[in-house]
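Participant: Here you go, one structure.
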Amino acid sequence: MELRALHYFVTVAEELHFGRAAERLRIVQPAVSQQIVRLERELGVRLLERSSRRVRLTPAGERVLAAAREALAAAARVRVVAGEPAAVLRIGVASCANQRLDRAVGRLRDSERPAEPELVDLPVTARLDAVRDGELDLALVRGAVASTAVTVVRAWTEPLHAVLAREHPAAGKPAVGLRDLDPHGLRLPARESDPPMHDAILAVLPVAPLRPPAGDMLNVLFEVGRDPGGWTLMPAEQLAGSRSERVHHVPFDPPITVDGHVVTSLATPEPCVASYVAAFAD
């Protein structure tokens with residue numbers, strides 16, 4: 001039995017759609033179907049009920065799904081415990097680099113058990129799924145992660161800054177108070193773009209956002225830049241080194257912070273988790 005077949009089955013079981021599973025796996029759909037049929041033949045049971053309208057797990061499929069996840073997590077643990085020199089360490093990150101990430105890469109390379117980090121750019125939800133399924137060794141996430149399917153450890157805390165339109169009255173100030181900003185000017189991305197970060201921001205706001213979400217962060221910054229009263233919140237490290245003629249960012253006074261977390265598989269040994277956290281800590 002190949003781990004690849006189990007991986008394909010878990011992906012189909014989560015998507016309940018062969019086409020979406022193939023897109024997530026970045027392979028063609030017939031290859032996914034072939035692996036599932038081969039796995040069913042090998043196990044001697046039907047794992048999925050398929051029709052033109054839906055795909056759903058059989059009772060045997062439900063049992064095999066739990067065992068398959070355990071097997072994939074165990075395989076990920078074997079790779080970590082092996083600890084061969086310069087082992088590839090797959091890290092799920094956002095698209096922007098920063099000093100913390102650069103510093104952590106150096107620490108991981110120079111540690112007692114050297115690792116060669118491989119950065120994988122994925123949306124937050126896909127990042128967490130990939131860690132759970134053993135496709136990533138760890139992921140970085142800002143904001144609280146409410147999941148029992150992965151291990152979540154706080155590694156750092158960083159300030160949030162106000163991102164303002166250049167014409168905003170507070171754009172030239174050294175700092176700004178959250179209650180001094182007009183809530184009508186606040187723009188936030190849709191929650192699905194980054195649920196943990198979205199929830200963390202909502203937790204610090206004195207009032208609920210008055211405007212509907214503006215898609216992803218790129219759309220938010222565009223909206224902020226063309227509204228003299230527009231503003232949003234972003235992590236300071238994500239803004240470091242960025243330049244824009246349309247927006248300006250300033251710190252909050254009193255400060256507002258967000259926690260950064262290292263997320264690993266439940267099967268990752270505690271000493272490995274501790275070493276990852278130390279690499280990304282202040």
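To be explicit about the labels: the chains of the structure tokens are called A, B, and onward in the order shown, and within each one the residues are counted from 1, while ligands get numbers from 1 in the order they are shown.
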Using only C-alpha atoms, determine which residues lie at most 12 Å from Val207 (chain A), disregarding the query and same-chain residues fewer than 4 positions distant; provide the list as a PyMOL selection string.
Facilitator: chain A and resi 178-179+181-184+186+201-203+211
Participant: Give me every helix (DSSP H, G or I) residue in region 48-248 of chain A, going by DSSP on the backbone, as an MDAnalysis selection string.
Facilitator: chainID A and resid 59:82 99:109 124:132 178:180 183:185 191:193 195:204 217:225 236:239
Participant: Go through A:Leu233, A:Ile256, A:Leu138, A:Val145 one by one, measure the shortest atom-to-atom distance of each to Ser275 (chain A) using only C-alpha atoms, and give the residue with the smallest value.
Facilitator: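 Closest to Ser275 (chain A) of all the choices is A:Leu138.
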Participant: At what distance in Å, to one decimal, does CA of Arg56 (chain A) lie from CA of Ala31 (chain A)?
Facilitator: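 So the answer is 18.9 Å.
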Participant: Each residue of region 211-273 of chain A lying at most 9 Å from region 68-78 of chain A should get a row with its shortest atom-to-atom pair and the distance in Å to one decimal, counting only C-alpha atoms; could you produce that, ordered by chain and increasing number, as a tab-separated table?
Facilitator:
```
residue	atom	partner	partner_atom	distance
A:Ser265	CA	A:Ala73	CA	6.7
A:Leu266	CA	A:Ala73	CA	7.3
A:Ala267	CA	A:Arg77	CA	5.6
A:Thr268	CA	A:Arg77	CA	5.4
A:Pro269	CA	A:Arg77	CA	7.2
```
Participant: Could you turn the residues from that selection into a file that holds C-alpha atoms, as a PDB file, in the first residue's frame?
Facilitator:
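The resulting file, selection_26.pdb, is reproduced below:
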```pdb
ATOM      1  CA  SER A 265       1.417  17.937  12.845  1.00  0.00           C
ATOM      2  CA  LEU A 266       0.105  16.235  15.964  1.00  0.00           C
ATOM      3  CA  ALA A 267       2.748  13.556  15.335  1.00  0.00           C
ATOM      4  CA  THR A 268       5.706  15.975  15.363  1.00  0.00           C
ATOM      5  CA  PRO A 269       7.888  15.205  18.422  1.00  0.00           C
TER       6      PRO A 269
END
```
Participant: Write out as a count of residues only the residues lying within 8 Å of Pro159 (chain A), counting only C-alpha atoms and excluding same-chain residues fewer than 3 positions away.
Facilitator: 7
Participant: With a distance cut-off of 12 Å and only C-alpha atoms, select the neighbouring residues of Asp102 (chain A), excluding the residue or stretch itself and same-chain residues fewer than 4 positions from it, and output the selection as a list of chain:residue names.
Facilitator: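 Contacts, in chain order: A:Cys96, A:Ala97, A:Asn98, A:Gly106, A:Arg107, A:Leu108, A:Arg109, A:Pro117, A:Leu119, A:Glu237, A:Ala279, A:Phe280.
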Participant: Please produce a file of those selected residues containing C-alpha atoms, as a JSON list (two decimals), in the first residue's frame.
Facilitator:
```
[["chain", "number", "residue", "atom", "x", "y", "z"],
["A", 96, "CYS", "CA", 5.81, 38.25, 1.73],
["A", 97, "ALA", "CA", 9.25, 37.73, 3.27],
["A", 98, "ASN", "CA", 10.43, 39.57, 6.39],
["A", 106, "GLY", "CA", 19.51, 30.96, 9.29],
["A", 107, "ARG", "CA", 18.82, 29.48, 12.73],
["A", 108, "LEU", "CA", 17.36, 26.30, 11.24],
["A", 109, "ARG", "CA", 20.32, 25.83, 8.94],
["A", 117, "PRO", "CA", 14.01, 25.20, 4.71],
["A", 119, "LEU", "CA", 9.21, 27.88, 1.71],
["A", 237, "GLU", "CA", 6.55, 42.97, 10.12],
["A", 279, "ALA", "CA", 13.82, 29.59, 15.47],
["A", 280, "PHE", "CA", 10.93, 32.00, 14.99]]
```
Participant: Provide the CA of Pro30 (chain A) to CA of Thr11 (chain A) distance in Å, to one decimal place.
Facilitator: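 That distance, rounded to one decimal, is 14.4 Å.
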Participant: Using only C-alpha atoms, find the one residue out of A:Gly61, A:Gly143, A:Gly44, A:Gly19 that sits nearest to Val263 (chain A).
Facilitator: A:Gly143
Participant: Between CA of Pro254 (chain A) and CA of Leu221 (chain A), measure the distance and give it in Å to one decimal.
Facilitator: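 Spanning CA of Pro254 (chain A) to CA of Leu221 (chain A) is a straight-line distance of 23.4 Å.
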Participant: What lies within 12 Å of Leu47 (chain A) using only C-alpha atoms, ignoring chain neighbours under 4 positions off, as an mmCIF file with N, CA and C atoms, in the first residue's frame?
Facilitator:
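Output below, filename result-v2.cif:
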```
data_model
loop_
_atom_site.group_PDB
_atom_site.id
_atom_site.type_symbol
_atom_site.label_atom_id
_atom_site.label_comp_id
_atom_site.auth_asym_id
_atom_site.auth_seq_id
_atom_site.Cartn_x
_atom_site.Cartn_y
_atom_site.Cartn_z
ATOM 1 N N LEU A 6 -3.001 6.747 -0.096
ATOM 2 C CA LEU A 6 -3.700 7.221 1.093
ATOM 3 C C LEU A 6 -3.871 8.737 1.059
ATOM 4 N N PHE A 9 -6.644 9.560 -1.311
ATOM 5 C CA PHE A 9 -7.943 9.215 -0.734
ATOM 6 C C PHE A 9 -8.369 10.255 0.303
ATOM 7 N N VAL A 10 -7.450 10.671 1.188
ATOM 8 C CA VAL A 10 -7.777 11.671 2.205
ATOM 9 C C VAL A 10 -8.212 12.971 1.548
ATOM 10 N N VAL A 12 -9.589 13.411 -1.478
ATOM 11 C CA VAL A 12 -10.929 13.240 -2.064
ATOM 12 C C VAL A 12 -11.983 13.216 -0.962
ATOM 13 N N ALA A 13 -11.682 12.549 0.147
ATOM 14 C CA ALA A 13 -12.639 12.460 1.252
ATOM 15 C C ALA A 13 -12.931 13.840 1.839
ATOM 16 N N LEU A 16 -14.760 15.739 -1.217
ATOM 17 C CA LEU A 16 -15.959 15.058 -1.731
ATOM 18 C C LEU A 16 -16.242 15.481 -3.169
ATOM 19 N N SER A 33 -8.630 9.192 -9.686
ATOM 20 C CA SER A 33 -9.596 8.094 -9.751
ATOM 21 C C SER A 33 -8.896 6.739 -9.805
ATOM 22 N N GLN A 35 -5.948 5.898 -8.604
ATOM 23 C CA GLN A 35 -5.374 5.547 -7.308
ATOM 24 C C GLN A 35 -6.452 5.103 -6.326
ATOM 25 N N ILE A 36 -7.617 5.734 -6.359
ATOM 26 C CA ILE A 36 -8.695 5.348 -5.444
ATOM 27 C C ILE A 36 -9.206 3.944 -5.772
ATOM 28 N N VAL A 37 -9.388 3.689 -7.054
ATOM 29 C CA VAL A 37 -9.838 2.353 -7.470
ATOM 30 C C VAL A 37 -8.823 1.296 -7.060
ATOM 31 N N ARG A 38 -7.547 1.596 -7.233
ATOM 32 C CA ARG A 38 -6.492 0.644 -6.862
ATOM 33 C C ARG A 38 -6.485 0.404 -5.356
ATOM 34 N N LEU A 39 -6.706 1.472 -4.568
ATOM 35 C CA LEU A 39 -6.734 1.319 -3.118
ATOM 36 C C LEU A 39 -7.939 0.492 -2.689
ATOM 37 N N GLU A 40 -9.092 0.740 -3.285
ATOM 38 C CA GLU A 40 -10.281 -0.036 -2.958
ATOM 39 C C GLU A 40 -10.088 -1.512 -3.305
ATOM 40 N N ARG A 41 -9.453 -1.758 -4.431
ATOM 41 C CA ARG A 41 -9.204 -3.147 -4.834
ATOM 42 C C ARG A 41 -8.245 -3.824 -3.852
ATOM 43 N N GLU A 42 -7.234 -3.079 -3.428
ATOM 44 C CA GLU A 42 -6.250 -3.644 -2.505
ATOM 45 C C GLU A 42 -6.864 -3.934 -1.139
ATOM 46 N N LEU A 43 -7.747 -3.053 -0.677
ATOM 47 C CA LEU A 43 -8.370 -3.245 0.633
ATOM 48 C C LEU A 43 -9.575 -4.176 0.583
ATOM 49 N N VAL A 55 -20.335 12.771 -4.281
ATOM 50 C CA VAL A 55 -19.388 11.763 -3.800
ATOM 51 C C VAL A 55 -19.496 11.756 -2.284
ATOM 52 N N ARG A 56 -19.618 10.573 -1.688
ATOM 53 C CA ARG A 56 -19.676 10.510 -0.239
ATOM 54 C C ARG A 56 -18.969 9.254 0.258
ATOM 55 N N LEU A 57 -18.548 9.307 1.503
ATOM 56 C CA LEU A 57 -17.841 8.187 2.104
ATOM 57 C C LEU A 57 -18.798 7.064 2.476
ATOM 58 N N THR A 58 -18.367 5.837 2.275
ATOM 59 C CA THR A 58 -19.090 4.685 2.795
ATOM 60 C C THR A 58 -18.703 4.513 4.265
ATOM 61 N N PRO A 59 -19.407 3.663 5.020
ATOM 62 C CA PRO A 59 -18.985 3.398 6.408
ATOM 63 C C PRO A 59 -17.539 2.904 6.483
ATOM 64 N N ALA A 60 -17.138 2.040 5.529
ATOM 65 C CA ALA A 60 -15.747 1.584 5.502
ATOM 66 C C ALA A 60 -14.811 2.751 5.201
ATOM 67 N N GLY A 61 -15.253 3.642 4.314
ATOM 68 C CA GLY A 61 -14.440 4.808 3.987
ATOM 69 C C GLY A 61 -14.215 5.700 5.194
ATOM 70 N N GLU A 62 -15.234 5.869 6.039
ATOM 71 C CA GLU A 62 -15.090 6.670 7.251
ATOM 72 C C GLU A 62 -14.020 6.075 8.156
ATOM 73 N N ARG A 63 -14.024 4.738 8.296
ATOM 74 C CA ARG A 63 -13.033 4.085 9.160
ATOM 75 C C ARG A 63 -11.631 4.212 8.560
ATOM 76 N N VAL A 64 -11.534 4.002 7.254
ATOM 77 C CA VAL A 64 -10.225 4.062 6.599
ATOM 78 C C VAL A 64 -9.683 5.488 6.609
ATOM 79 N N LEU A 65 -10.561 6.483 6.531
ATOM 80 C CA LEU A 65 -10.111 7.877 6.539
ATOM 81 C C LEU A 65 -9.346 8.192 7.816
ATOM 82 N N ALA A 68 -6.044 6.407 7.695
ATOM 83 C CA ALA A 68 -5.159 6.980 6.684
ATOM 84 C C ALA A 68 -4.509 8.263 7.196
#
```
Participant: Determine the nearest neighbour of Gly225 (chain A) from the options A:Met197, A:Ala5, A:Leu89, A:Ala171, counting only C-alpha atoms.
Facilitator: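 Among A:Met197, A:Ala5, A:Leu89, A:Ala171, it is A:Ala171 that comes nearest to Gly225 (chain A).
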